[in-house]
2 protein chains.
Amino acid sequence: MTQTGHGSGPQVLRLMNCAAVLGAIRAAGTARVTELVRATGLSRPTVTAAVSTLMADGWVEETEAPEIDAPRMGRPARVLRFRADARHVLGIDVGPHKVYCAVADLSGTVVAHARHDVTAARTHAELLDQVETTMRQALAAVPVALPDIAAVGIGTPGIVDDQRGAVVQAPSVPGWSSLELGSLIRQRLDCPVRVENDVNLAVMAERWNGSGSDAENLILVQWGARIGAAVLVDGQLHRGAHGAAGEIGFLELEEEPQGTQADGLGPLESAVGTASILRRAHSLGDESPDSAAVLVAAAAGDPRALQAVDEACARLARGLASFVSAIDPALVVIGGSITLAGDVILAGLRRHLSRRALVEPRLELSRLGDDAVALGAVRLALADAERRLLDVYTTAAAEHPLP
Amino acid sequence: MTQTGHGSGPQVLRLMNCAAVLGAIRAAGTARVTELVRATGLSRPTVTAAVSTLMADGWVEETEAPEIDAPRMGRPARVLRFRADARHVLGIDVGPHKVYCAVADLSGTVVAHARHDVTAARTHAELLDQVETTMRQALAAVPVALPDIAAVGIGTPGIVDDQRGAVVQAPSVPGWSSLELGSLIRQRLDCPVRVENDVNLAVMAERWNGSGSDAENLILVQWGARIGAAVLVDGQLHRGAHGAAGEIGFLELEEEPQGTQADGLGPLESAVGTASILRRAHSLGDESPDSAAVLVAAAAGDPRALQAVDEACARLARGLASFVSAIDPALVVIGGSITLAGDVILAGLRRHLSRRALVEPRLELSRLGDDAVALGAVRLALADAERRLLDVYTTAAAEHPLP
């Protein structure tokens with residue numbers, strides 16, 4: 001992609017016009033010059049000149065005229081289209097067990113991804129190297145070069161200061177607390193980097209293209225080895241006063257508080273996480289090799305697996321009922337690896353919740369898979385990329401004020 | 001107060017102009033004719049005519065010119081003021097133990113109030129009669145006549161459908177569930193009547209003129225014989241999908257759900273309400289005649305009263321910690337009769353919460369007294385009264401369209 005190298009001084013209007021025409025094409029999807037003249041209020045020659053610049057700079061291309069154009073006299077009008085592949089964004093899910101990186105174009109379509117399993121105990125320097133390796137692997141698959149990345153979104157467990165892009169507190173990831181994650185990634189990539197709590201990103205992905213698209217008040221429970229929740233109030237992500245809203249994994253169910261466990265898990269997380277389900281299934285005589293196998297067995301109706309899963313549902317319902325009482329959501333979406341057990345989870349939670357909650361929300365399983373957090377991170381990055389896109393011309397214009 | 005009896009047809013512009021001038025005076029507080037000409041864009045003679053009508057109808061009066069007007073030549077310009085006492089609103093708190101009615105003028109100043117203690121077991125017909133008696137007593141103290149009431153706000157325990165003005169579910173008030181409270185009161189008073197959950201109104205009062213005026217994310221816990229909570233998210237009342245957000249009294253702390261108790265109290269309510277504190281104090285050898293005496297004794301440092309109160313704080317902290325995890329408020333305000341124990345409550349809650357919550361909100365006692373719910377109800381009624389005020393002229397105008 002060529003970088004716009006315009007002249008100085010009097011060029012400023014040309015640059016502003018490019019920004020206006022680019023904005024109009026982006027808003028319309030596809031547009032003819034006549035439509036751009038109407039949308040921008042600029043003259044036809046001005047629009048034509050701007051389009052030439054935008055095509056030379058790689059932002060805009062000519063496309064086939066849509067079918068509604070019946071054959072007619074003369075040369076058909078050019079139809080211009082924004083090039084969604086002009087830049088790309090990265091959505092990265094950094095957890096204690098995996099790094100997952102999605103590359104998406106400016107329309108939000110994921111064009112490549114890469115995944116690395118990581119062991120639980122790592123320093124943050126090692127984990128950052130893993131992030132970079134995963135990122136480069138995903139980019140090589142397209143291929144896209146690092147300078148063509150317009151923005152990055154990162155999801156991470158724990159309490160995040162989204163203004164600073166820092167992880168404030170992350171008991172479940174060793175070495176991750178008080179980490180200036182945004183700055184560290186920005187050192188490796190020269191573009192905007194935003195950091196957000198992973199479950200907050202998953203709920204944004206649900207809202208974007210998952211189960212939750214119609215509910216204004218929604219709780220997403222991301223349930224796997226760890227457990228977290230995120231809250232939408234009136235369709236907006238509710239972060240809370242300290243960015244800690246929805247930290248269900250650290251709920252204390254018992255009279256005597258248990259505190260953070262030796263493995264970094266919160267008390268409820270420890271009581272309902274997939275590791276506890278595997279342990280319980282084993283104690284009942286089940287011989288599944290891992291928690292995924294137990295969940296699949298429960299979905300198939302195996303009685304021991306069902307019992308282990310149901311007991312976990314009963315415990316989670318205790319915590320979830322208090323969240324439901326506080327927020328009164330229309331819908332609770334259950335995501336994460338627990339969804340391997342399918343409707344068994346919904347039935348169990350429904351039964352245990354109904355004994356504990358004054359009003360009952362709808363319960364659904366997430367339709368997004370393992371990449372929900374990365375999809376939410378893509379969404380976050382796209383907002384930055386969108387701003388940056390128009391900045392290409394308006395910033396250049398601002399640097400060359402009218403004489 | 002005279003009712004505006006304008007002519008038909010061509011009078012419509014005069015009526016619209018009255019509405020415009022009234023709106024401008026209301027917005028400014030006090031205003032000179034010159035200022036009203038500027039604010040409305042109407043001519044001086046038109047504004048002067050509208051002012052005469054508004055004064056004849058009792059909405060506007062002349063007032064003293066403010067001191068900044070130094071003596072000068074000629075007759076001083078008239079300063080016009082909206083008459084806050086032109087109409088009144090009622091804010092009514094209807095609970096299982098009392099009916100409290102506040103009469104306020106259109107500036108929100110409470111000019112009279114009345115209170116009736118009611119016994120817990122009543123049919124809703126008896127309770128409605130109590131409401132009417134209390135209302136008439138408060139109005140007689142001003143005096144204000146029923147037709148001069150512009151709007152009514154009512155607070156009631158339970159889950160309220162604010163659109164219908166109906167109580168959907170109120171386990172703590174016998175006969176109160178599925179009650180069309182708004183319609184029933186409207187039969188006795190010809191004006192807008194709005195019904196809202198009592199703790200939701202208390203949190204609006206806190207936001208309006210209590211402790212919570214600076215916190216965007218806030219939980220109010222109203223703690224007395226019963227216990228309820230209300231939630232502000234981004235400065236707005238969060239009602240939830242079914243109007244049930246914040247129903248902390250029905251939280252189930254134990255593994256085996258307890259359900260609604262024989263006395264209509266929810267499980268947590270039953271475990272921390274003032275009656276349970278009195279029972280516990282008695283079991284420790286305290287001889288206070290009632291729960292208020294126990295709370296006052298705790299404030300004075302009596303060890304048995306302190307122990308009973310601290311045990312209740314420990315139990316409430318269990319429920320409150322889960323609300324704090326879900327919402328992550330900047331501030332938790334504690335209101336209700338428990339505030340008789342003063343800072344003992346804050347210290348106890350703070351100690352028990354700190355062992356259970358990842359992040360700790362600020363804790364404060366409510367500065368509003370027993371009338372917090374009625375003040376919130378006044379606030380609700382004022383919004384309706386405000387709309388109705390301008391309707392006096394615009395509705396009359398709409399009924400006489402231009403020929």
# chains A, B, ... in the order shown; residues from 1 in each chain; ligands from 1
$ residues_around --residues "Leu106 in chain B" --least-positions-apart "2" --cutoff "12 Å" --atoms "only C-alpha atoms" --output "number ranges by chain"
B: 26, 29, 59, 82-90, 103-104, 108-111, 148-151, 378-389
$ closest_atom_pairs --of "chain B" --to "chain A" --cutoff "9 Å" --atoms "only C-alpha atoms" --output "CSV"
residue,atom,partner,partner_atom,distance
B:Glu216,CA,A:Ala241,CA,8.2
B:Asn217,CA,A:Ala241,CA,6.5
B:Ala229,CA,A:Ala326,CA,8.3
B:Ala230,CA,A:Ala326,CA,8.4
B:Val231,CA,A:Ala326,CA,7.8
B:Val233,CA,A:Val233,CA,8.0
B:Asp234,CA,A:His238,CA,8.8
B:His238,CA,A:Ile327,CA,7.8
B:Arg239,CA,A:Asp328,CA,7.8
B:Gly240,CA,A:Asp328,CA,4.6
B:Ala241,CA,A:Ala330,CA,5.1
B:His242,CA,A:Asp328,CA,6.6
B:Gly243,CA,A:Asp328,CA,7.4
B:Ala244,CA,A:Asp328,CA,5.7
B:Ala245,CA,A:Asp328,CA,4.7
B:Gly246,CA,A:Ala326,CA,4.4
B:Glu247,CA,A:Ser325,CA,5.6
B:Ile248,CA,A:Ser325,CA,6.5
B:Phe250,CA,A:Leu358,CA,7.2
B:Leu251,CA,A:Ser322,CA,6.3
B:Glu252,CA,A:Arg356,CA,6.2
B:Leu253,CA,A:Leu253,CA,7.4
B:Glu254,CA,A:Glu254,CA,8.0
B:Glu255,CA,A:Arg318,CA,7.4
B:Pro257,CA,A:Arg356,CA,6.3
B:Gln258,CA,A:Arg356,CA,8.6
B:Gly259,CA,A:Arg356,CA,7.6
B:Ala314,CA,A:Glu255,CA,8.7
B:Arg315,CA,A:Glu255,CA,8.1
B:Arg318,CA,A:Glu255,CA,7.4
B:Gly319,CA,A:Ser322,CA,7.5
B:Ala321,CA,A:Leu251,CA,7.6
B:Ser322,CA,A:Ser322,CA,6.1
B:Phe323,CA,A:Ala326,CA,5.6
B:Val324,CA,A:Ala245,CA,7.7
B:Ser325,CA,A:Glu247,CA,5.6
B:Ala326,CA,A:Gly246,CA,4.4
B:Ile327,CA,A:Ala245,CA,4.8
B:Asp328,CA,A:Gly240,CA,4.6
B:Pro329,CA,A:Ala241,CA,5.4
B:Ala330,CA,A:Ala241,CA,5.1
B:Leu331,CA,A:Ala241,CA,8.8
B:Arg355,CA,A:Pro257,CA,6.6
B:Arg356,CA,A:Glu252,CA,6.2
B:Ala357,CA,A:Leu251,CA,7.5
B:Leu358,CA,A:Phe250,CA,7.1
B:Val359,CA,A:Ala244,CA,7.2
B:Pro361,CA,A:Ala241,CA,8.3
$ select_by_dssp --residues "range 301-366 of chain B" --states "strand (DSSP E or B)" --output "list in words"
Leu331, Val332, Val333, Ile334, Gly335, Arg362, Leu363, Glu364 and Leu365 of chain B
$ atom_distance --atom1 "CA of Ala24 in chain A" --atom2 "CA of Ala39 in chain A"
6.6 Å
$ closest_atom_pairs --of "range 203-278 of chain A" --to "range 332-340 of chain A" --cutoff "8 Å" --atoms "only C-alpha atoms" --output "CSV"
residue,atom,partner,partner_atom,distance
A:Ser211,CA,A:Val333,CA,7.3
A:Gly212,CA,A:Val333,CA,7.2
A:Leu218,CA,A:Val332,CA,5.8
A:Ile219,CA,A:Val332,CA,4.8
A:Leu220,CA,A:Val333,CA,4.7
A:Val221,CA,A:Ile334,CA,4.9
A:Gln222,CA,A:Gly335,CA,4.6
A:Trp223,CA,A:Gly336,CA,4.8
A:Gly224,CA,A:Ser337,CA,4.9
A:Ala225,CA,A:Ser337,CA,8.0
A:Thr274,CA,A:Ile338,CA,7.3
$ write_last_selection --atoms "N, CA, C and O atoms" --output "mmCIF file, in the first residue's frame"
data_model
loop_
_atom_site.group_PDB
_atom_site.id
_atom_site.type_symbol
_atom_site.label_atom_id
_atom_site.label_comp_id
_atom_site.auth_asym_id
_atom_site.auth_seq_id
_atom_site.Cartn_x
_atom_site.Cartn_y
_atom_site.Cartn_z
ATOM 1 N N SER A 211 -25.667 -14.479 19.976
ATOM 2 C CA SER A 211 -27.023 -14.726 20.471
ATOM 3 C C SER A 211 -27.685 -13.473 21.005
ATOM 4 O O SER A 211 -28.902 -13.369 21.030
ATOM 5 N N GLY A 212 -26.889 -12.537 21.481
ATOM 6 C CA GLY A 212 -27.434 -11.457 22.296
ATOM 7 C C GLY A 212 -27.880 -10.243 21.527
ATOM 8 O O GLY A 212 -28.109 -9.196 22.105
ATOM 9 N N LEU A 218 -28.279 -7.746 29.365
ATOM 10 C CA LEU A 218 -27.766 -9.084 29.103
ATOM 11 C C LEU A 218 -26.566 -9.367 29.998
ATOM 12 O O LEU A 218 -25.767 -8.472 30.269
ATOM 13 N N ILE A 219 -26.476 -10.597 30.480
ATOM 14 C CA ILE A 219 -25.255 -11.051 31.156
ATOM 15 C C ILE A 219 -24.675 -12.184 30.328
ATOM 16 O O ILE A 219 -25.394 -13.132 29.980
ATOM 17 N N LEU A 220 -23.385 -12.081 29.988
ATOM 18 C CA LEU A 220 -22.690 -13.197 29.359
ATOM 19 C C LEU A 220 -21.822 -13.861 30.417
ATOM 20 O O LEU A 220 -21.046 -13.183 31.089
ATOM 21 N N VAL A 221 -21.981 -15.173 30.564
ATOM 22 C CA VAL A 221 -21.109 -15.923 31.469
ATOM 23 C C VAL A 221 -20.193 -16.770 30.607
ATOM 24 O O VAL A 221 -20.666 -17.614 29.835
ATOM 25 N N GLN A 222 -18.903 -16.502 30.680
ATOM 26 C CA GLN A 222 -17.903 -17.242 29.919
ATOM 27 C C GLN A 222 -17.360 -18.308 30.867
ATOM 28 O O GLN A 222 -16.709 -17.985 31.855
ATOM 29 N N TRP A 223 -17.684 -19.577 30.596
ATOM 30 C CA TRP A 223 -17.470 -20.647 31.571
ATOM 31 C C TRP A 223 -16.578 -21.721 30.963
ATOM 32 O O TRP A 223 -16.993 -22.414 30.030
ATOM 33 N N GLY A 224 -15.363 -21.819 31.475
ATOM 34 C CA GLY A 224 -14.434 -22.860 31.040
ATOM 35 C C GLY A 224 -13.571 -23.231 32.230
ATOM 36 O O GLY A 224 -14.085 -23.448 33.322
ATOM 37 N N ALA A 225 -12.238 -23.279 32.004
ATOM 38 C CA ALA A 225 -11.343 -23.517 33.129
ATOM 39 C C ALA A 225 -11.492 -22.377 34.133
ATOM 40 O O ALA A 225 -11.438 -22.576 35.343
ATOM 41 N N THR A 274 -13.946 -26.073 34.797
ATOM 42 C CA THR A 274 -13.985 -27.411 34.193
ATOM 43 C C THR A 274 -13.060 -28.392 34.918
ATOM 44 O O THR A 274 -13.345 -29.593 34.949
#
$ select_by_dssp --residues "range 194-364 of chain B" --states "helix (DSSP H, G or I)" --output "NGL selection string"
:B and (198-209 or 211-214 or 248-250 or 267-272 or 274-283 or 291-299 or 303-327 or 337-341 or 343-354)
$ residues_around --residues "Ala377 in chain B" --least-positions-apart "4" --cutoff "8 Å" --atoms "only C-alpha atoms" --output "PyMOL selection string"
chain B and resi 90-93+152-155+196+201+373+381
$ closest_residue --among "B:Ala202, B:Leu316, B:Ala292, B:Ala300" --to "Leu237 in chain B" --atoms "only C-alpha atoms"
B:Ala202
